[in-house]
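Asks: Input file: final-v1.cif. Contents: mmCIF, C-alpha atoms.
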```cif
data_data
loop_
_atom_site.label_atom_id
_atom_site.label_comp_id
_atom_site.auth_asym_id
_atom_site.auth_seq_id
_atom_site.Cartn_x
_atom_site.Cartn_y
_atom_site.Cartn_z
CA MET A 1350 -1.89 -15.74 23.63
CA ILE A 1351 -4.61 -18.43 23.76
CA SER A 1352 -3.07 -20.09 26.82
CA VAL A 1353 -2.69 -16.77 28.64
CA SER A 1354 -6.31 -15.86 27.89
CA TRP A 1355 -7.50 -19.29 29.11
CA ILE A 1356 -5.62 -18.87 32.41
CA LEU A 1357 -7.14 -15.43 32.92
CA VAL A 1358 -10.66 -16.64 32.17
CA PHE A 1359 -10.23 -19.71 34.36
CA GLY A 1360 -8.91 -17.59 37.22
CA TYR A 1361 -11.83 -15.20 36.90
CA PHE A 1362 -14.47 -17.92 37.25
CA THR A 1363 -12.73 -19.84 40.06
CA CYS A 1364 -12.10 -16.99 42.50
CA THR A 1365 -14.58 -15.36 44.85
CA LYS A 1366 -15.93 -11.85 44.38
CA SER A 1367 -14.14 -10.63 47.51
CA LEU A 1368 -10.72 -11.76 46.26
CA CYS A 1369 -10.97 -10.95 42.56
CA LEU A 1370 -11.46 -7.96 40.31
CA ASN A 1371 -15.02 -6.88 39.70
CA GLU A 1372 -16.39 -7.36 36.19
CA THR A 1373 -15.45 -3.88 34.93
CA GLU A 1374 -11.94 -4.09 36.33
CA TYR A 1375 -11.52 -7.53 34.86
CA GLU A 1376 -12.62 -6.37 31.40
CA PHE A 1377 -10.20 -3.43 31.62
CA TYR A 1378 -7.44 -5.84 32.69
CA MET A 1379 -8.19 -8.13 29.75
CA ILE A 1380 -8.23 -5.21 27.28
CA SER A 1381 -4.92 -3.92 28.68
CA ASN A 1382 -3.36 -7.33 28.13
CA LEU A 1383 -4.74 -7.52 24.60
CA VAL A 1384 -3.37 -4.04 23.78
CA LYS A 1385 0.02 -5.04 25.15
CA ASP A 1386 -0.03 -8.24 23.10
CA VAL A 1387 -0.96 -6.33 19.91
CA GLY A 1388 1.87 -3.86 20.56
CA GLU A 1389 4.36 -6.71 20.91
CA ARG A 1390 3.08 -8.30 17.69
CA ILE A 1391 3.42 -5.00 15.79
CA GLN A 1392 6.99 -4.59 17.04
CA SER A 1393 7.75 -8.16 15.97
CA LEU A 1394 6.28 -7.49 12.51
CA ARG A 1395 8.40 -4.34 12.16
CA GLU A 1396 11.52 -6.32 12.99
CA ASN A 1397 10.56 -9.06 10.52
CA VAL A 1398 9.89 -6.54 7.74
CA LYS A 1399 13.22 -4.83 8.44
CA GLU A 1400 15.02 -8.18 8.21
CA VAL A 1401 13.32 -9.00 4.90
CA VAL A 1402 14.14 -5.59 3.43
CA GLU A 1403 17.77 -5.82 4.50
CA ALA A 1404 18.04 -9.34 3.12
CA LYS A 1405 16.67 -8.29 -0.29
CA CYS A 1406 18.42 -4.91 -0.31
CA PRO A 1407 21.80 -5.05 1.48
CA LYS A 1408 23.23 -1.78 2.78
CA LEU A 1409 26.14 -2.08 0.37
CA THR A 1410 23.90 -1.98 -2.70
CA CYS A 1411 20.71 -0.13 -1.76
CA PRO A 1412 19.97 3.17 -0.06
CA HIS A 1413 18.03 2.96 3.20
CA SER A 1414 15.73 5.67 4.46
CA SER A 1415 16.79 7.20 7.75
CA CYS A 1416 13.31 8.56 8.48
CA ASP A 1417 12.36 7.83 12.07
CA ASP A 1418 9.36 5.71 13.00
CA ASP A 1419 6.11 7.65 12.50
CA TRP A 1420 7.75 9.75 9.76
CA VAL A 1421 6.87 9.19 6.10
CA SER A 1422 9.57 9.23 3.42
CA TYR A 1423 9.02 10.92 0.06
CA ASN A 1424 11.49 12.14 -2.56
CA GLY A 1425 14.39 12.91 -0.24
CA SER A 1426 12.36 14.30 2.68
CA CYS A 1427 10.71 12.97 5.85
CA TYR A 1428 7.23 14.09 6.87
CA LEU A 1429 5.53 13.90 10.24
CA PHE A 1430 1.73 14.09 10.19
CA GLU A 1431 0.98 15.02 13.80
CA ALA A 1432 -2.72 14.59 14.54
CA THR A 1433 -2.71 13.63 18.22
CA GLU A 1434 -2.89 17.23 19.47
CA THR A 1435 -4.09 20.45 17.88
CA ARG A 1436 -2.03 23.65 18.07
CA ASN A 1437 -2.14 27.24 16.88
CA PHE A 1438 0.29 28.19 14.13
CA GLU A 1439 3.13 29.41 16.35
CA ASP A 1440 2.91 26.37 18.64
CA ALA A 1441 2.85 24.13 15.56
CA ARG A 1442 6.03 25.79 14.28
CA ILE A 1443 7.72 25.32 17.68
CA PHE A 1444 6.59 21.67 17.78
CA CYS A 1445 8.28 20.99 14.44
CA LYS A 1446 11.44 22.77 15.56
CA GLN A 1447 11.56 20.52 18.63
CA LYS A 1448 11.45 17.57 16.22
CA ALA A 1449 14.56 18.93 14.39
CA SER A 1450 12.36 19.86 11.44
CA VAL A 1451 10.38 22.77 10.01
CA ILE A 1452 6.69 23.30 9.51
CA LEU A 1453 5.78 22.06 6.02
CA TYR A 1454 6.79 23.91 2.88
CA VAL A 1455 5.64 22.58 -0.50
CA GLN A 1456 7.80 22.86 -3.60
CA ASP A 1457 5.70 21.51 -6.45
CA GLU A 1458 2.54 19.79 -7.64
CA ALA A 1459 3.96 16.28 -7.15
CA GLU A 1460 4.82 16.92 -3.51
CA ASN A 1461 1.43 18.50 -2.87
CA SER A 1462 -0.32 15.49 -4.43
CA PHE A 1463 1.68 13.15 -2.19
CA ILE A 1464 0.61 15.11 0.89
CA VAL A 1465 -3.06 15.21 -0.15
CA ARG A 1466 -3.01 11.43 -0.75
CA THR A 1467 -1.46 10.85 2.66
CA LEU A 1468 -3.94 13.13 4.42
CA SER A 1469 -6.85 11.29 2.83
CA ARG A 1470 -5.84 8.16 4.76
CA PHE A 1471 -6.23 9.88 8.14
CA LYS A 1472 -10.00 10.43 7.88
CA SER A 1473 -9.44 13.48 10.08
CA THR A 1474 -12.00 16.22 10.70
CA ILE A 1475 -9.30 18.74 11.71
CA ASP A 1476 -7.46 20.98 9.24
CA TRP A 1477 -3.66 20.71 8.87
CA PHE A 1478 -1.26 23.64 9.17
CA MET A 1479 1.51 24.17 6.62
CA GLY A 1480 4.17 26.87 6.91
CA LEU A 1481 2.74 29.34 4.40
CA ASN A 1482 1.72 32.76 5.76
CA ASP A 1483 1.43 36.46 4.92
CA LYS A 1484 1.64 37.75 8.48
CA ARG A 1485 4.27 40.34 7.64
CA PHE A 1486 2.84 41.81 4.44
CA GLU A 1487 -0.72 41.16 3.30
CA GLY A 1488 -0.77 39.07 0.14
CA ASN A 1489 2.98 38.37 0.23
CA TRP A 1490 2.90 34.66 0.96
CA LYS A 1491 6.14 33.13 2.27
CA TRP A 1492 7.25 29.86 3.82
CA THR A 1493 7.79 30.44 7.54
CA ASP A 1494 11.03 28.67 8.40
CA THR A 1495 12.79 29.10 5.06
CA ASN A 1496 11.50 32.67 4.48
CA ALA A 1497 11.36 31.73 0.79
CA PRO A 1498 8.65 33.19 -1.45
CA ALA A 1499 5.93 30.74 -2.42
CA ASN A 1500 6.72 29.84 -6.02
CA PHE A 1501 4.14 27.06 -5.86
CA ILE A 1502 0.64 27.71 -4.45
CA LYS A 1503 -2.45 25.52 -4.77
CA TRP A 1504 -5.38 27.58 -3.52
CA ALA A 1505 -8.88 26.15 -3.48
CA PRO A 1506 -11.31 28.11 -5.67
CA GLY A 1507 -12.24 31.38 -3.97
CA GLN A 1508 -9.19 31.32 -1.69
CA PRO A 1509 -7.62 33.17 -0.02
CA ASP A 1510 -10.65 35.03 1.31
CA GLY A 1511 -9.73 36.13 4.84
CA ILE A 1512 -7.91 39.36 3.86
CA THR A 1513 -6.07 40.63 6.98
CA ARG A 1514 -7.88 38.30 9.42
CA GLN A 1515 -6.56 35.03 8.02
CA ASN A 1516 -2.81 34.99 7.53
CA CYS A 1517 -1.97 31.29 7.81
CA VAL A 1518 -2.69 28.37 5.47
CA VAL A 1519 -4.15 24.91 6.03
CA TYR A 1520 -5.09 21.80 4.13
CA HIS A 1521 -8.86 22.11 4.57
CA VAL A 1522 -10.29 18.64 5.16
CA LYS A 1523 -13.88 19.56 4.28
CA ASN A 1524 -12.71 20.75 0.86
CA ASN A 1525 -10.71 17.65 -0.13
CA ASN A 1526 -7.56 18.96 1.57
CA ARG A 1527 -7.27 21.99 -0.68
CA TRP A 1528 -5.45 25.09 0.50
CA HIS A 1529 -7.42 27.65 2.55
CA ASP A 1530 -6.26 30.67 4.48
CA THR A 1531 -7.24 30.68 8.15
CA GLU A 1532 -6.61 32.56 11.36
CA CYS A 1533 -3.20 31.77 12.81
CA GLU A 1534 -4.78 31.20 16.24
CA SER A 1535 -6.94 28.38 14.88
CA LYS A 1536 -6.24 25.00 16.47
CA CYS A 1537 -5.13 22.54 13.80
CA SER A 1538 -3.01 19.46 13.26
CA VAL A 1539 0.47 20.04 11.85
CA ILE A 1540 2.78 18.61 9.18
CA CYS A 1541 6.54 18.81 9.77
CA LYS A 1542 9.27 18.26 7.19
CA LYS A 1543 12.99 17.53 7.27
CA ASN A 1544 15.71 16.18 5.02
CA ASN A 1545 15.86 12.43 4.58
CA LYS A 1546 19.52 11.52 5.00
CA ARG A 1547 20.17 8.24 3.26
CA ILE A 1548 22.71 5.63 4.25
CA ASN A 1549 24.38 3.75 1.42
#
```
Translate the structure described by the file into structure tokens.

Replies:
Amino acid sequence: MISVSWILVFGYFTCTKSLCLNETEYEFYMISNLVKDVGERIQSLRENVKEVVEAKCPKLTCPHSSCDDDWVSYNGSCYLFEATETRNFEDARIFCKQKASVILYVQDEAENSFIVRTLSRFKSTIDWFMGLNDKRFEGNWKWTDTNAPANFIKWAPGQPDGITRQNCVVYHVKNNNRWHDTECESKCSVICKKNNKRIN
């Protein structure tokens, strides 16, 4: 990396303005090369970590998570925390379906705590959709893709408060990622969930 950078810098100062990139283009070119180099280093680190894990935990003796890159493994499930684009509730549900998953359903306090801990690392200012809604019958909260009744609910104090206007549920970032009801047309980030098939 040092030698490549030196060649680029040397080339910049030895060429004429008419033949070389202007200063802004050159800086963009340098940044692009740095980003590419960082990406290659990250990929190399991933491969090294994978080799170390496989060396210490051979496939014949240890289970290996089959969660894809960018998915987080927890207690037999894989979770995708998708924050790059905001969506309304229906588009969020479709997005998860396209990822061969469902929009998040939460089964117990331990799982909810895991999700809250993970969300706290994002430092996001956007709320996160889960699959809980009462769109069909007011006050009858069900998980969207499983159609199962919500046996576990973790409302923030004073929630739900939207009555018939707010029929979907989010992790509300300004209230420490506690559960709030919201309008289903709100634009939020989304959490998807699927089974974590393990290879022995």

Asks: Name the residues that the PyMOL selection byres ((chain A and resi 1471) around 12) picks from the file above, as a list of chain:residue names, using the file's chain letters and numbers.

Replies: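 The output of the PyMOL selection byres ((chain A and resi 1471) around 12) on this file is A:Phe1430, A:Glu1431, A:Ala1432, A:Thr1433, A:Ile1464, A:Val1465, A:Arg1466, A:Thr1467, A:Leu1468, A:Ser1469, A:Arg1470, A:Lys1472, A:Ser1473, A:Thr1474, A:Ile1475, A:Asp1476, A:Trp1477, A:Val1522, A:Asn1526, A:Ser1538.
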
Asks: Record the distance separating atom CA of A:Ala1505 and atom CA of A:Arg1442, expressed in Å with one decimal.

Replies: 23.2 Å

Asks: Find, counting all atoms listed in the file, the residue in A:Phe1463, A:Trp1528, A:Phe1444, A:Tyr1423 that gets nearest to A:Pro1506.

Replies: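 Among A:Phe1463, A:Trp1528, A:Phe1444, A:Tyr1423, it is A:Trp1528 that comes nearest to A:Pro1506.
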
Asks: What is the atom CA of A:Asn1482-atom CA of A:Asp1418 distance in Å, reported with one decimal?

Replies: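 Spanning atom CA of A:Asn1482 to atom CA of A:Asp1418 is a straight-line distance of 29.0 Å.
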
Asks: In Å, with one decimal, what is the gap from atom CA of A:Ser1450 to atom CA of A:Gly1488?

Replies: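 Distance reported for this atom pair: 25.9 Å.
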
Asks: Choose the residue, out of A:Lys1503, A:Lys1446, A:Lys1385, A:Arg1436, that has the smallest atom-to-atom separation from A:Lys1543; count all atoms listed in the file.

Replies: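 Of all the options, A:Lys1446 lies closest to A:Lys1543.
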